[in-house]
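Source file run-v7.txt; content: compact mmCIF, C-alpha atoms.
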```
# COMPACT_ATOMS: atom_id res chain seq x y z
CA MET A 1 -122.62 -178.08 2.24
CA ALA A 2 -120.93 -178.61 5.60
CA ASN A 3 -121.93 -176.57 8.63
CA LEU A 4 -119.99 -173.37 7.99
CA ALA A 5 -119.63 -172.41 11.66
CA ASN A 6 -117.86 -175.70 12.37
CA LYS A 7 -115.96 -175.93 9.10
CA TYR A 8 -114.47 -172.44 9.44
CA ARG A 9 -113.90 -172.35 13.18
CA PRO A 10 -110.33 -170.98 13.59
CA LYS A 11 -107.72 -173.64 14.31
CA ASP A 12 -104.73 -171.42 15.14
CA TRP A 13 -103.89 -167.97 16.51
CA GLY A 14 -103.55 -166.27 13.12
CA ASP A 15 -106.99 -167.38 11.97
CA VAL A 16 -108.86 -165.63 14.80
CA THR A 17 -110.86 -162.58 13.71
CA GLU A 18 -109.85 -159.55 15.80
CA GLN A 19 -109.41 -160.12 19.61
CA LYS A 20 -105.71 -159.34 19.00
CA LEU A 21 -104.95 -158.22 22.56
CA VAL A 22 -106.35 -161.40 24.12
CA VAL A 23 -104.70 -163.59 21.47
CA ASP A 24 -101.28 -162.00 22.10
CA MET A 25 -101.59 -162.31 25.88
CA LEU A 26 -102.65 -165.96 25.79
CA LYS A 27 -99.91 -166.87 23.33
CA ASN A 28 -97.29 -165.10 25.47
CA MET A 29 -98.45 -167.08 28.50
CA CYS A 30 -98.08 -170.31 26.53
CA ASP A 31 -94.57 -169.36 25.47
CA ASP A 32 -93.50 -168.62 29.05
CA PRO A 33 -91.28 -171.57 30.12
CA ASN A 34 -92.70 -171.40 33.65
CA PHE A 35 -96.34 -171.39 32.48
CA ASN A 36 -97.65 -170.63 35.95
CA ASN A 37 -101.19 -169.70 34.94
CA ARG A 38 -103.45 -172.73 34.76
CA ASN A 39 -106.96 -171.29 35.20
CA PHE A 40 -108.56 -168.96 32.67
CA LEU A 41 -111.91 -167.20 32.51
CA LEU A 42 -112.96 -166.05 29.04
CA THR A 43 -115.91 -163.67 29.02
CA GLY A 44 -117.78 -161.88 26.27
CA PRO A 45 -120.84 -161.96 24.01
CA ALA A 46 -122.04 -165.13 22.32
CA GLY A 47 -120.09 -166.18 19.26
CA CYS A 48 -117.05 -163.96 19.83
CA GLY A 49 -114.50 -166.79 20.15
CA LYS A 50 -114.32 -167.88 23.81
CA THR A 51 -114.45 -171.64 23.25
CA THR A 52 -112.43 -171.31 20.05
CA LEU A 53 -109.57 -169.58 21.86
CA ALA A 54 -109.63 -172.20 24.62
CA ARG A 55 -109.32 -174.95 22.01
CA ILE A 56 -106.52 -173.13 20.18
CA MET A 57 -104.55 -172.59 23.38
CA GLY A 58 -105.01 -176.22 24.42
CA ASN A 59 -103.85 -177.38 21.01
CA TYR A 60 -100.87 -175.02 21.09
CA VAL A 61 -99.50 -176.25 24.42
CA ASN A 62 -100.11 -179.86 23.36
CA ASP A 63 -98.20 -179.54 20.09
CA GLY A 64 -101.32 -180.01 17.98
CA LYS A 65 -102.50 -183.13 19.80
CA CYS A 66 -105.10 -181.70 22.16
CA GLU A 67 -108.29 -183.56 22.93
CA PRO A 68 -110.08 -181.15 25.28
CA ILE A 69 -112.73 -182.27 27.72
CA GLU A 70 -115.67 -179.94 27.10
CA ILE A 71 -118.48 -179.56 29.60
CA ASP A 72 -121.72 -177.66 29.11
CA ALA A 73 -122.40 -176.31 32.58
CA ALA A 74 -125.90 -175.24 31.59
CA SER A 75 -126.97 -178.90 31.49
CA ASN A 76 -124.31 -180.34 33.85
CA ASN A 77 -124.30 -177.87 36.71
CA GLY A 78 -124.61 -180.18 39.70
CA VAL A 79 -122.02 -181.14 42.28
CA ASP A 80 -121.71 -184.70 40.92
CA SER A 81 -120.70 -183.36 37.52
CA VAL A 82 -118.03 -181.14 39.12
CA ARG A 83 -116.70 -184.02 41.21
CA GLU A 84 -116.31 -186.05 38.04
CA ILE A 85 -114.24 -183.23 36.54
CA ILE A 86 -112.07 -183.11 39.65
CA ASP A 87 -111.45 -186.86 39.47
CA GLN A 88 -110.44 -186.58 35.81
CA ALA A 89 -108.12 -183.67 36.59
CA ARG A 90 -106.18 -185.75 39.10
CA ALA A 91 -105.25 -188.30 36.43
CA TYR A 92 -102.30 -187.56 34.18
CA PRO A 93 -103.04 -186.95 30.50
CA VAL A 94 -102.48 -189.74 27.99
CA GLY A 95 -100.92 -188.90 24.62
CA GLN A 96 -100.63 -185.18 25.35
CA LYS A 97 -98.74 -182.89 27.71
CA TRP A 98 -101.74 -181.19 29.30
CA LYS A 99 -105.26 -182.28 30.15
CA VAL A 100 -107.50 -179.41 29.01
CA PHE A 101 -110.95 -178.73 30.50
CA ILE A 102 -113.29 -176.27 28.79
CA ILE A 103 -116.39 -175.42 30.85
CA ASP A 104 -118.93 -173.49 28.76
CA GLU A 105 -121.73 -171.43 30.32
CA CYS A 106 -119.96 -171.77 33.66
CA HIS A 107 -122.22 -169.11 35.20
CA ALA A 108 -124.90 -171.84 35.38
CA TYR A 109 -123.02 -173.67 38.15
CA THR A 110 -124.77 -173.81 41.50
CA SER A 111 -123.21 -172.39 44.64
CA ASN A 112 -122.36 -175.90 45.84
CA SER A 113 -120.75 -176.72 42.50
CA TRP A 114 -118.49 -173.68 42.74
CA GLN A 115 -117.55 -174.67 46.27
CA ALA A 116 -116.61 -178.14 45.07
CA LEU A 117 -114.45 -176.75 42.26
CA LEU A 118 -112.79 -174.05 44.37
CA LYS A 119 -110.00 -176.19 45.87
CA THR A 120 -109.06 -177.66 42.49
CA LEU A 121 -108.72 -174.20 40.96
CA GLU A 122 -106.70 -173.02 43.94
CA SER A 123 -104.23 -175.90 43.68
CA SER A 124 -104.48 -177.00 40.07
CA PRO A 125 -103.19 -180.49 39.36
CA ALA A 126 -99.80 -180.23 37.70
CA LYS A 127 -100.93 -181.26 34.24
CA SER A 128 -104.42 -179.76 34.02
CA LEU A 129 -105.63 -176.50 32.43
CA PHE A 130 -109.07 -175.06 33.13
CA PHE A 131 -110.87 -172.71 30.74
CA LEU A 132 -114.13 -171.26 32.03
CA ALA A 133 -116.29 -169.48 29.44
CA THR A 134 -119.34 -167.33 30.09
CA THR A 135 -121.50 -164.52 28.77
CA ASN A 136 -122.45 -163.56 32.33
CA PRO A 137 -119.29 -162.97 34.40
CA GLU A 138 -121.28 -161.05 37.01
CA LYS A 139 -122.69 -164.41 38.16
CA ILE A 140 -119.26 -165.86 38.94
CA PRO A 141 -118.46 -165.87 42.70
CA GLY A 142 -115.67 -163.57 43.84
CA THR A 143 -113.80 -166.52 45.33
CA ILE A 144 -113.54 -168.01 41.83
CA LEU A 145 -112.62 -164.73 40.14
CA SER A 146 -109.64 -164.36 42.48
CA ARG A 147 -108.28 -167.72 41.31
CA VAL A 148 -108.46 -167.29 37.55
CA GLN A 149 -106.92 -165.08 34.87
CA GLN A 150 -109.83 -163.22 33.31
CA PHE A 151 -109.90 -162.13 29.65
CA GLN A 152 -112.67 -160.00 28.19
CA LEU A 153 -113.50 -160.62 24.54
CA SER A 154 -115.40 -158.01 22.56
CA LYS A 155 -118.02 -158.20 19.86
CA ILE A 156 -116.50 -158.53 16.42
CA SER A 157 -116.76 -155.44 14.25
CA LEU A 158 -119.03 -155.26 11.22
CA ALA A 159 -115.96 -154.93 8.99
CA GLY A 160 -114.33 -157.95 10.62
CA ILE A 161 -117.40 -160.15 10.14
CA ASN A 162 -117.85 -158.86 6.60
CA THR A 163 -114.28 -159.76 5.66
CA ARG A 164 -114.54 -163.23 7.21
CA LEU A 165 -117.82 -164.00 5.45
CA LYS A 166 -116.32 -163.10 2.08
CA TYR A 167 -113.33 -165.29 2.87
CA VAL A 168 -115.69 -168.18 3.62
CA LEU A 169 -117.69 -167.63 0.43
CA ASP A 170 -114.55 -167.41 -1.70
CA SER A 171 -113.17 -170.54 -0.05
CA GLU A 172 -116.41 -172.41 -0.76
CA ASN A 173 -116.27 -171.28 -4.39
CA ASN A 174 -112.70 -172.52 -4.64
CA GLU A 175 -114.15 -175.91 -3.75
CA GLY A 176 -116.72 -175.59 -6.55
CA ALA A 177 -119.74 -174.32 -4.58
CA GLY A 178 -120.83 -171.94 -7.36
CA ILE A 179 -122.03 -169.15 -5.05
CA THR A 180 -122.62 -165.61 -6.28
CA TYR A 181 -122.99 -162.75 -3.84
CA THR A 182 -123.40 -159.00 -3.63
CA ASP A 183 -121.55 -156.83 -1.15
CA ASP A 184 -124.88 -155.51 0.17
CA ALA A 185 -126.13 -159.01 0.92
CA VAL A 186 -122.97 -160.06 2.75
CA ASN A 187 -122.94 -156.79 4.68
CA TYR A 188 -126.54 -157.33 5.75
CA VAL A 189 -125.84 -160.84 7.02
CA ALA A 190 -122.92 -159.36 8.97
CA LYS A 191 -125.23 -156.72 10.47
CA MET A 192 -127.79 -159.30 11.52
CA ALA A 193 -125.13 -161.21 13.48
CA ASN A 194 -124.77 -158.30 15.91
CA GLY A 195 -121.08 -158.88 16.59
CA GLY A 196 -121.13 -162.68 16.76
CA MET A 197 -119.13 -164.62 14.18
CA ARG A 198 -120.87 -167.91 14.89
CA ASP A 199 -124.27 -166.28 14.37
CA ALA A 200 -123.01 -164.70 11.14
CA LEU A 201 -121.96 -168.08 9.74
CA THR A 202 -125.21 -169.70 10.86
CA LEU A 203 -127.21 -166.98 9.09
CA LEU A 204 -125.02 -167.36 6.01
CA ASP A 205 -125.65 -171.12 6.05
CA LYS A 206 -129.41 -170.58 6.18
CA SER A 207 -129.31 -168.01 3.38
CA LEU A 208 -127.31 -170.33 1.14
CA SER A 209 -129.73 -173.19 1.80
CA PHE A 210 -132.39 -170.96 0.23
CA SER A 211 -130.33 -169.85 -2.75
CA LYS A 212 -126.72 -169.81 -3.89
CA GLU A 213 -127.42 -166.37 -5.31
CA LEU A 214 -126.77 -164.24 -2.25
CA THR A 215 -128.74 -161.03 -2.77
CA ILE A 216 -130.55 -158.74 -0.35
CA GLU A 217 -133.87 -160.07 -1.65
CA ASN A 218 -132.91 -163.73 -1.19
CA VAL A 219 -131.35 -163.12 2.22
CA SER A 220 -134.51 -161.31 3.35
CA GLN A 221 -136.69 -164.23 2.23
CA ALA A 222 -134.42 -166.88 3.69
CA LEU A 223 -134.19 -165.21 7.09
CA ASN A 224 -137.81 -164.02 7.07
CA LEU A 225 -136.72 -160.41 7.55
CA PRO A 226 -139.09 -157.42 7.70
CA GLU A 227 -140.18 -155.61 4.55
CA TYR A 228 -138.60 -152.24 5.22
CA SER A 229 -140.54 -150.51 2.44
CA ASP A 230 -143.71 -151.00 4.52
CA PHE A 231 -141.95 -149.55 7.57
CA PHE A 232 -140.88 -146.45 5.63
CA GLU A 233 -144.43 -146.08 4.33
CA LEU A 234 -145.98 -146.30 7.80
CA LEU A 235 -143.46 -143.88 9.28
CA GLY A 236 -144.19 -141.42 6.48
CA ALA A 237 -147.94 -141.73 7.04
CA TYR A 238 -147.49 -141.15 10.77
CA ALA A 239 -145.26 -138.11 10.20
CA SER A 240 -147.80 -136.56 7.85
CA LYS A 241 -150.72 -137.47 10.14
CA ASP A 242 -152.43 -139.35 7.31
CA ASN A 243 -154.98 -141.41 9.25
CA ALA A 244 -156.44 -143.06 6.15
CA LYS A 245 -153.06 -144.32 5.01
CA ILE A 246 -152.16 -145.49 8.53
CA ALA A 247 -155.41 -147.46 8.68
CA ALA A 248 -154.77 -148.99 5.25
CA ILE A 249 -151.28 -150.16 6.27
CA VAL A 250 -152.52 -151.56 9.59
CA ASP A 251 -155.29 -153.48 7.78
CA LYS A 252 -152.78 -154.79 5.24
CA VAL A 253 -150.47 -156.08 7.97
CA TYR A 254 -153.31 -157.59 9.99
CA ASN A 255 -154.82 -159.37 6.99
CA SER A 256 -151.47 -160.64 5.70
CA GLY A 257 -151.38 -163.31 8.41
CA VAL A 258 -148.02 -162.27 9.88
CA ASN A 259 -147.54 -162.12 13.63
CA PHE A 260 -149.11 -158.70 14.25
CA VAL A 261 -147.32 -158.03 17.54
CA LYS A 262 -143.95 -159.14 16.16
CA TRP A 263 -144.41 -156.91 13.12
CA PHE A 264 -144.86 -153.87 15.33
CA GLU A 265 -141.92 -154.89 17.51
CA ASN A 266 -139.86 -154.88 14.31
CA PHE A 267 -141.35 -151.51 13.38
CA HIS A 268 -140.29 -150.14 16.78
CA SER A 269 -136.76 -151.41 16.14
CA PHE A 270 -136.88 -149.74 12.72
CA VAL A 271 -137.88 -146.37 14.20
CA ILE A 272 -135.05 -146.57 16.74
CA ASN A 273 -132.65 -147.28 13.89
CA ILE A 274 -133.96 -144.21 12.05
CA VAL A 275 -133.14 -142.19 15.18
CA LYS A 276 -129.66 -143.73 15.17
CA TYR A 277 -129.24 -142.76 11.50
CA ILE A 278 -130.31 -139.18 12.21
CA TYR A 279 -127.61 -138.91 14.86
CA LEU A 280 -124.82 -140.68 12.96
CA LYS A 281 -125.73 -140.19 9.29
CA ASP A 282 -124.39 -143.65 8.43
CA ILE A 283 -126.78 -146.41 7.39
CA ASN A 284 -124.07 -149.00 8.12
CA LYS A 285 -124.40 -148.09 11.80
CA THR A 286 -128.04 -149.23 11.68
CA MET A 287 -129.74 -152.58 11.07
CA ILE A 288 -131.40 -151.22 7.91
CA PRO A 289 -130.02 -152.64 4.64
CA SER A 290 -127.84 -150.23 2.67
CA THR A 291 -130.12 -150.69 -0.34
CA TYR A 292 -132.52 -148.30 1.43
CA GLN A 293 -130.02 -145.44 1.40
CA ASP A 294 -132.24 -143.33 -0.89
CA LYS A 295 -135.22 -143.76 1.43
CA ILE A 296 -133.35 -143.04 4.64
CA SER A 297 -131.19 -140.12 3.47
CA PRO A 298 -133.97 -137.45 3.70
CA TYR A 299 -134.34 -138.07 7.44
CA GLY A 300 -132.67 -135.42 9.56
CA THR A 301 -133.00 -133.37 12.73
CA PRO A 302 -136.58 -132.16 11.97
CA HIS A 303 -137.74 -135.80 12.09
CA LEU A 304 -136.03 -136.62 15.38
CA ARG A 305 -138.84 -135.49 17.68
CA VAL A 306 -141.48 -137.32 15.64
CA CYS A 307 -139.50 -140.56 15.75
CA LEU A 308 -138.81 -140.36 19.48
CA ILE A 309 -142.50 -139.72 20.27
CA LEU A 310 -143.52 -142.59 17.99
CA ALA A 311 -140.98 -144.93 19.59
CA ASN A 312 -142.51 -144.29 23.03
CA LYS A 313 -146.04 -144.76 21.65
CA LEU A 314 -145.05 -148.07 20.13
CA LEU A 315 -143.76 -149.37 23.45
CA THR A 316 -147.17 -148.68 24.99
CA MET A 317 -148.98 -150.11 22.00
CA ILE A 318 -146.96 -153.33 21.91
CA HIS A 319 -147.61 -153.89 25.62
CA GLU A 320 -151.36 -153.45 25.05
CA LEU A 321 -151.38 -155.69 21.97
CA LYS A 322 -150.06 -158.60 24.04
CA SER A 323 -153.10 -158.51 26.32
CA THR A 324 -156.03 -157.93 23.96
CA GLN A 325 -157.79 -159.37 20.93
CA TYR A 326 -158.54 -155.92 19.50
CA LEU A 327 -155.29 -155.71 17.58
CA GLN A 328 -156.30 -153.33 14.79
CA GLU A 329 -158.17 -151.04 17.15
CA ILE A 330 -155.25 -150.75 19.57
CA ALA A 331 -152.82 -150.03 16.73
CA LEU A 332 -155.05 -147.31 15.28
CA THR A 333 -155.68 -145.77 18.71
CA ASN A 334 -151.96 -145.32 19.22
CA LEU A 335 -150.95 -144.30 15.70
CA CYS A 336 -153.77 -142.10 14.43
CA PHE A 337 -154.36 -138.44 15.24
CA VAL A 338 -157.54 -136.68 16.32
CA PRO A 339 -158.73 -134.69 13.28
CA ASP A 340 -158.50 -130.91 13.54
CA THR A 341 -162.12 -129.75 13.11
CA ARG A 342 -161.34 -126.08 13.48
CA LYS A 343 -162.31 -124.00 10.47
CA LYS A 344 -159.40 -122.56 8.57
CA GLN A 345 -159.39 -118.78 8.57
```
Whole structure given in C-alpha cells:
Amino acid sequence: MANLANKYRPKDWGDVTEQKLVVDMLKNMCDDPNFNNRNFLLTGPAGCGKTTLARIMGNYVNDGKCEPIEIDAASNNGVDSVREIIDQARAYPVGQKWKVFIIDECHAYTSNSWQALLKTLESSPAKSLFFLATTNPEKIPGTILSRVQQFQLSKISLAGINTRLKYVLDSENNEGAGITYTDDAVNYVAKMANGGMRDALTLLDKSLSFSKELTIENVSQALNLPEYSDFFELLGAYASKDNAKIAAIVDKVYNSGVNFVKWFENFHSFVINIVKYIYLKDINKTMIPSTYQDKISPYGTPHLRVCLILANKLLTMIHELKSTQYLQEIALTNLCFVPDTRKKQ
C-alpha cells in the first residue's frame, strides 16, 4: 500500500479539507490580473496544509505545470543556502510562468539568513513566488513579516479528519484493498491526530500495516495505545481510597515491563480527559475512545475535586519518578492514603 499521506495529499483547491477562508483568499489573489502579492507566509500547526496549499497555488498559477523548489530551512538555514535561493530567483523560469519557492520551517533561519533574504522579498524578481511555512511565526523577524502576506491555518476539526479518513478508506477499497473498518476505530485515529491531517493518515497507515480489519482493538495494538480499562480501575481505586487495590495495580504495571514513567504520564493525561468530560459531557471532546462511554458516563461534578487533586499529585509523582529507582514506592507514596485508625463510634 502506498504512503497514504503522499497518495492523498490534495492536488487542487476543492480537495483541501476545511481552511475555506484561506483557500478562497489565495485563489482570489491568483485570479487577480495584477497579481501584486508575491510573498506569502503560511502559519499553523503541523499537518494542517501549509505546504499543500503552497503547492496548489503554485500549480494553479502555472496552469498545472509547476515544479516548486522546496527548501527545508531546518537543515538548510545558513546564509549560503539563502544566497543560492536568491541566485535561482533571479533566473527566469523554464517551462512554467512562475518560479515557485517553498521554504518549510522557515523559523529555523538564522538572523544573518533573514538579512540576506530581506532585499529579495522586498523587491521580488518579476517571475518568482515565495511561500514561507512555519509552526512558529513568533520567531519570524518583524522586518520579514512586514514584507509578506500572512495566512493563519487552523487545526482540522475531528469531523473533518473523520470524513477524510473514510474517504481514503473507501477509495482504497475501490482499488481492491479489502479493508473493513468501524466508525469508532476511524474516529479514534482522527482523535489521535490532534488536528493534523498528515498525522491522521500516518496513523491510519500504521494501523492498516497491522491489520486490514480496522477496529478499536487493532488500532490500540498497532499504535501501542494505553489500556484504558486499567486507568479506569486505578482512578476508581484512588477515589474509593482502596490502598490494597492501588498497590495491586501499581505492582501489575511495574511487573508488566512497560515504561513505568510513561504509563503514569498517560494516566495523568487520562485523568485530565476525565475532567474535560465532566465539564463538557461529550466523550468525543476527549482522547478517550467512545467504546468507553459506559465507563465514563457515571463521572460528574462530585468527582471533579478528586480528579483535580489527583492530577496535581501525578505531576509531582512523575517528576520524582524521573529521578529515582524506587518507582513502586514513589507511586504508592503519592497515590495511597494514610489509614484512618480512629475507632468508629
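Taking all atoms listed in the file into account, A:Phe131 lies nearest to A:Met57 out of the set A:Met57, A:Leu327, A:Ala91, A:Val168.
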*asked:* Could you check the closest approach to A:Arg147 for each of A:Ala46, A:Ala126, A:Leu117, A:Ala248 and tell me which residue wins, using only C-alpha atoms?
replied: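 Counting only C-alpha atoms, the residue closest to A:Arg147 is A:Leu117.
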Under the rule of at most 12 Å, produce a per-residue listing of stretch 142-259 of chain A near stretch 6-24 of chain A: chain, number, name, the closest pair of atoms, and the distance in Å, as JSON lines, using all atoms listed in the file.
```
{"residue": "A:Gln149", "atom": "CA", "partner": "A:Val22", "partner_atom": "CA", "distance": 11.4}
{"residue": "A:Gln150", "atom": "CA", "partner": "A:Val22", "partner_atom": "CA", "distance": 10.0}
{"residue": "A:Phe151", "atom": "CA", "partner": "A:Val22", "partner_atom": "CA", "distance": 6.6}
{"residue": "A:Gln152", "atom": "CA", "partner": "A:Val22", "partner_atom": "CA", "distance": 7.6}
{"residue": "A:Leu153", "atom": "CA", "partner": "A:Gln19", "partner_atom": "CA", "distance": 6.4}
{"residue": "A:Ser154", "atom": "CA", "partner": "A:Gln19", "partner_atom": "CA", "distance": 7.0}
{"residue": "A:Lys155", "atom": "CA", "partner": "A:Gln19", "partner_atom": "CA", "distance": 8.8}
{"residue": "A:Ile156", "atom": "CA", "partner": "A:Glu18", "partner_atom": "CA", "distance": 6.8}
{"residue": "A:Ser157", "atom": "CA", "partner": "A:Glu18", "partner_atom": "CA", "distance": 8.2}
{"residue": "A:Leu158", "atom": "CA", "partner": "A:Glu18", "partner_atom": "CA", "distance": 11.1}
{"residue": "A:Ala159", "atom": "CA", "partner": "A:Glu18", "partner_atom": "CA", "distance": 10.2}
{"residue": "A:Gly160", "atom": "CA", "partner": "A:Thr17", "partner_atom": "CA", "distance": 6.6}
{"residue": "A:Ile161", "atom": "CA", "partner": "A:Thr17", "partner_atom": "CA", "distance": 7.8}
{"residue": "A:Asn162", "atom": "CA", "partner": "A:Thr17", "partner_atom": "CA", "distance": 10.6}
{"residue": "A:Thr163", "atom": "CA", "partner": "A:Thr17", "partner_atom": "CA", "distance": 9.2}
{"residue": "A:Arg164", "atom": "CA", "partner": "A:Thr17", "partner_atom": "CA", "distance": 7.5}
{"residue": "A:Leu165", "atom": "CA", "partner": "A:Tyr8", "partner_atom": "CA", "distance": 9.9}
{"residue": "A:Tyr167", "atom": "CA", "partner": "A:Tyr8", "partner_atom": "CA", "distance": 9.8}
{"residue": "A:Val168", "atom": "CA", "partner": "A:Tyr8", "partner_atom": "CA", "distance": 7.3}
{"residue": "A:Leu169", "atom": "CA", "partner": "A:Tyr8", "partner_atom": "CA", "distance": 10.7}
{"residue": "A:Ser171", "atom": "CA", "partner": "A:Tyr8", "partner_atom": "CA", "distance": 9.8}
{"residue": "A:Glu172", "atom": "CA", "partner": "A:Tyr8", "partner_atom": "CA", "distance": 10.4}
{"residue": "A:Gly195", "atom": "CA", "partner": "A:Thr17", "partner_atom": "CA", "distance": 11.2}
{"residue": "A:Gly196", "atom": "CA", "partner": "A:Thr17", "partner_atom": "CA", "distance": 10.7}
{"residue": "A:Met197", "atom": "CA", "partner": "A:Thr17", "partner_atom": "CA", "distance": 8.5}
{"residue": "A:Arg198", "atom": "CA", "partner": "A:Arg9", "partner_atom": "CA", "distance": 8.4}
{"residue": "A:Asp199", "atom": "CA", "partner": "A:Asn6", "partner_atom": "CA", "distance": 11.6}
{"residue": "A:Ala200", "atom": "CA", "partner": "A:Tyr8", "partner_atom": "CA", "distance": 11.7}
{"residue": "A:Leu201", "atom": "CA", "partner": "A:Tyr8", "partner_atom": "CA", "distance": 8.7}
{"residue": "A:Thr202", "atom": "CA", "partner": "A:Asn6", "partner_atom": "CA", "distance": 9.6}
{"residue": "A:Asp205", "atom": "CA", "partner": "A:Asn6", "partner_atom": "CA", "distance": 11.0}
```
Please give the centre and size of the box around stretch 68-77 of chain A (axis-aligned, containing every atom listed in the file, 3 Å added per side), with values in Å to one decimal and written as JSON.
```
{"center_x": -118.5, "center_y": -178.8, "center_z": 31.0, "size_x": 22.9, "size_y": 13.0, "size_z": 17.4}
```
*Find, counting all atoms listed in the file, the residue in A:Val275, A:Cys307, A:Leu26, A:Leu129 that gets nearest to A:Ala239.*
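Checking each of A:Val275, A:Cys307, A:Leu26, A:Leu129 against A:Ala239, counting all atoms listed in the file, the winner is A:Cys307.
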*asked:* Residues within 7 Å of stretch 62-76 of chain A, please, as JSON, numbers by chain. Count all atoms listed in the file; anything in the same chain fewer than 3 positions from it doesn't count.
replied: {"A": [58, 59, 81, 96, 97, 98, 99, 100, 101, 102, 103, 104, 105, 106, 108, 109]}
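For the pair atom CA of A:Asp282 and atom CA of A:Ala237, the interatomic distance is 23.7 Å.
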*Computed interatomic separation between atom CA of A:Pro298 and atom CA of A:Glu233 (Å)*: 13.6 Å
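Closest to A:Leu214 among A:Thr52, A:Ser113, A:Asn136, A:Asn187 is A:Asn187, based on only C-alpha atoms.
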_Computed interatomic separation between atom CA of A:Ile318 and atom CA of A:Thr286 (Å)_ =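 One can read the atom CA of A:Ile318 to atom CA of A:Thr286 distance as 21.9 Å.
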_Which residues are near A:Ile179? Cut-off 7 Å, only C-alpha atoms, ignore same chain within fewer than 4 positions. Put them as a list in words._
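Residues near the query, excluding close chain neighbours: Asn173, Lys212 and Glu213 of chain A.
In terms of minimum interatomic distance to A:Asp87, A:Ala116 ranks closest within A:Ala116, A:Ile296, A:Ala311, A:Ala185, counting only C-alpha atoms.
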_Residue among A:Glu227, A:Asp340, A:Glu138, A:Asp183 lying closest to A:Tyr292, counting all atoms listed in the file_ =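 Nearest to A:Tyr292: A:Glu227.
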Would you save stretch 244-249 of chain A from the block above with all heavy atoms, as a PDB file, in the first residue's frame?
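Result written to result22.pdb:
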```pdb
ATOM      1  N   ALA A 244      -5.131  -1.262  48.996  1.00  0.00           N
ATOM      2  CA  ALA A 244      -4.736  -2.601  48.544  1.00  0.00           C
ATOM      3  C   ALA A 244      -4.882  -2.723  47.031  1.00  0.00           C
ATOM      4  O   ALA A 244      -4.006  -3.283  46.348  1.00  0.00           O
ATOM      5  CB  ALA A 244      -5.587  -3.660  49.247  1.00  0.00           C
ATOM      6  N   LYS A 245      -5.968  -2.199  46.509  1.00  0.00           N
ATOM      7  CA  LYS A 245      -6.187  -2.278  45.063  1.00  0.00           C
ATOM      8  C   LYS A 245      -5.199  -1.390  44.319  1.00  0.00           C
ATOM      9  O   LYS A 245      -4.685  -1.753  43.255  1.00  0.00           O
ATOM     10  CB  LYS A 245      -7.622  -1.875  44.734  1.00  0.00           C
ATOM     11  CG  LYS A 245      -8.044  -2.240  43.324  1.00  0.00           C
ATOM     12  CD  LYS A 245      -9.545  -2.077  43.139  1.00  0.00           C
ATOM     13  CE  LYS A 245      -9.966  -2.587  41.772  1.00  0.00           C
ATOM     14  NZ  LYS A 245     -11.432  -2.465  41.557  1.00  0.00           N
ATOM     15  N   ILE A 246      -4.922  -0.197  44.866  1.00  0.00           N
ATOM     16  CA  ILE A 246      -3.937   0.700  44.253  1.00  0.00           C
ATOM     17  C   ILE A 246      -2.582  -0.003  44.164  1.00  0.00           C
ATOM     18  O   ILE A 246      -1.922   0.007  43.116  1.00  0.00           O
ATOM     19  CB  ILE A 246      -3.803   2.006  45.065  1.00  0.00           C
ATOM     20  CG1 ILE A 246      -5.072   2.852  44.940  1.00  0.00           C
ATOM     21  CG2 ILE A 246      -2.585   2.814  44.596  1.00  0.00           C
ATOM     22  CD1 ILE A 246      -5.102   4.047  45.873  1.00  0.00           C
ATOM     23  N   ALA A 247      -2.184  -0.658  45.271  1.00  0.00           N
ATOM     24  CA  ALA A 247      -0.897  -1.357  45.294  1.00  0.00           C
ATOM     25  C   ALA A 247      -0.865  -2.488  44.277  1.00  0.00           C
ATOM     26  O   ALA A 247       0.151  -2.705  43.599  1.00  0.00           O
ATOM     27  CB  ALA A 247      -0.627  -1.894  46.691  1.00  0.00           C
ATOM     28  N   ALA A 248      -1.979  -3.207  44.150  1.00  0.00           N
ATOM     29  CA  ALA A 248      -2.040  -4.320  43.195  1.00  0.00           C
ATOM     30  C   ALA A 248      -1.889  -3.819  41.760  1.00  0.00           C
ATOM     31  O   ALA A 248      -1.187  -4.432  40.943  1.00  0.00           O
ATOM     32  CB  ALA A 248      -3.362  -5.074  43.367  1.00  0.00           C
ATOM     33  N   ILE A 249      -2.522  -2.702  41.440  1.00  0.00           N
ATOM     34  CA  ILE A 249      -2.437  -2.147  40.085  1.00  0.00           C
ATOM     35  C   ILE A 249      -1.027  -1.635  39.810  1.00  0.00           C
ATOM     36  O   ILE A 249      -0.467  -1.865  38.725  1.00  0.00           O
ATOM     37  CB  ILE A 249      -3.476  -1.028  39.896  1.00  0.00           C
ATOM     38  CG1 ILE A 249      -4.890  -1.595  39.999  1.00  0.00           C
ATOM     39  CG2 ILE A 249      -3.283  -0.333  38.545  1.00  0.00           C
ATOM     40  CD1 ILE A 249      -5.981  -0.540  40.074  1.00  0.00           C
TER      41      ILE A 249
END
```
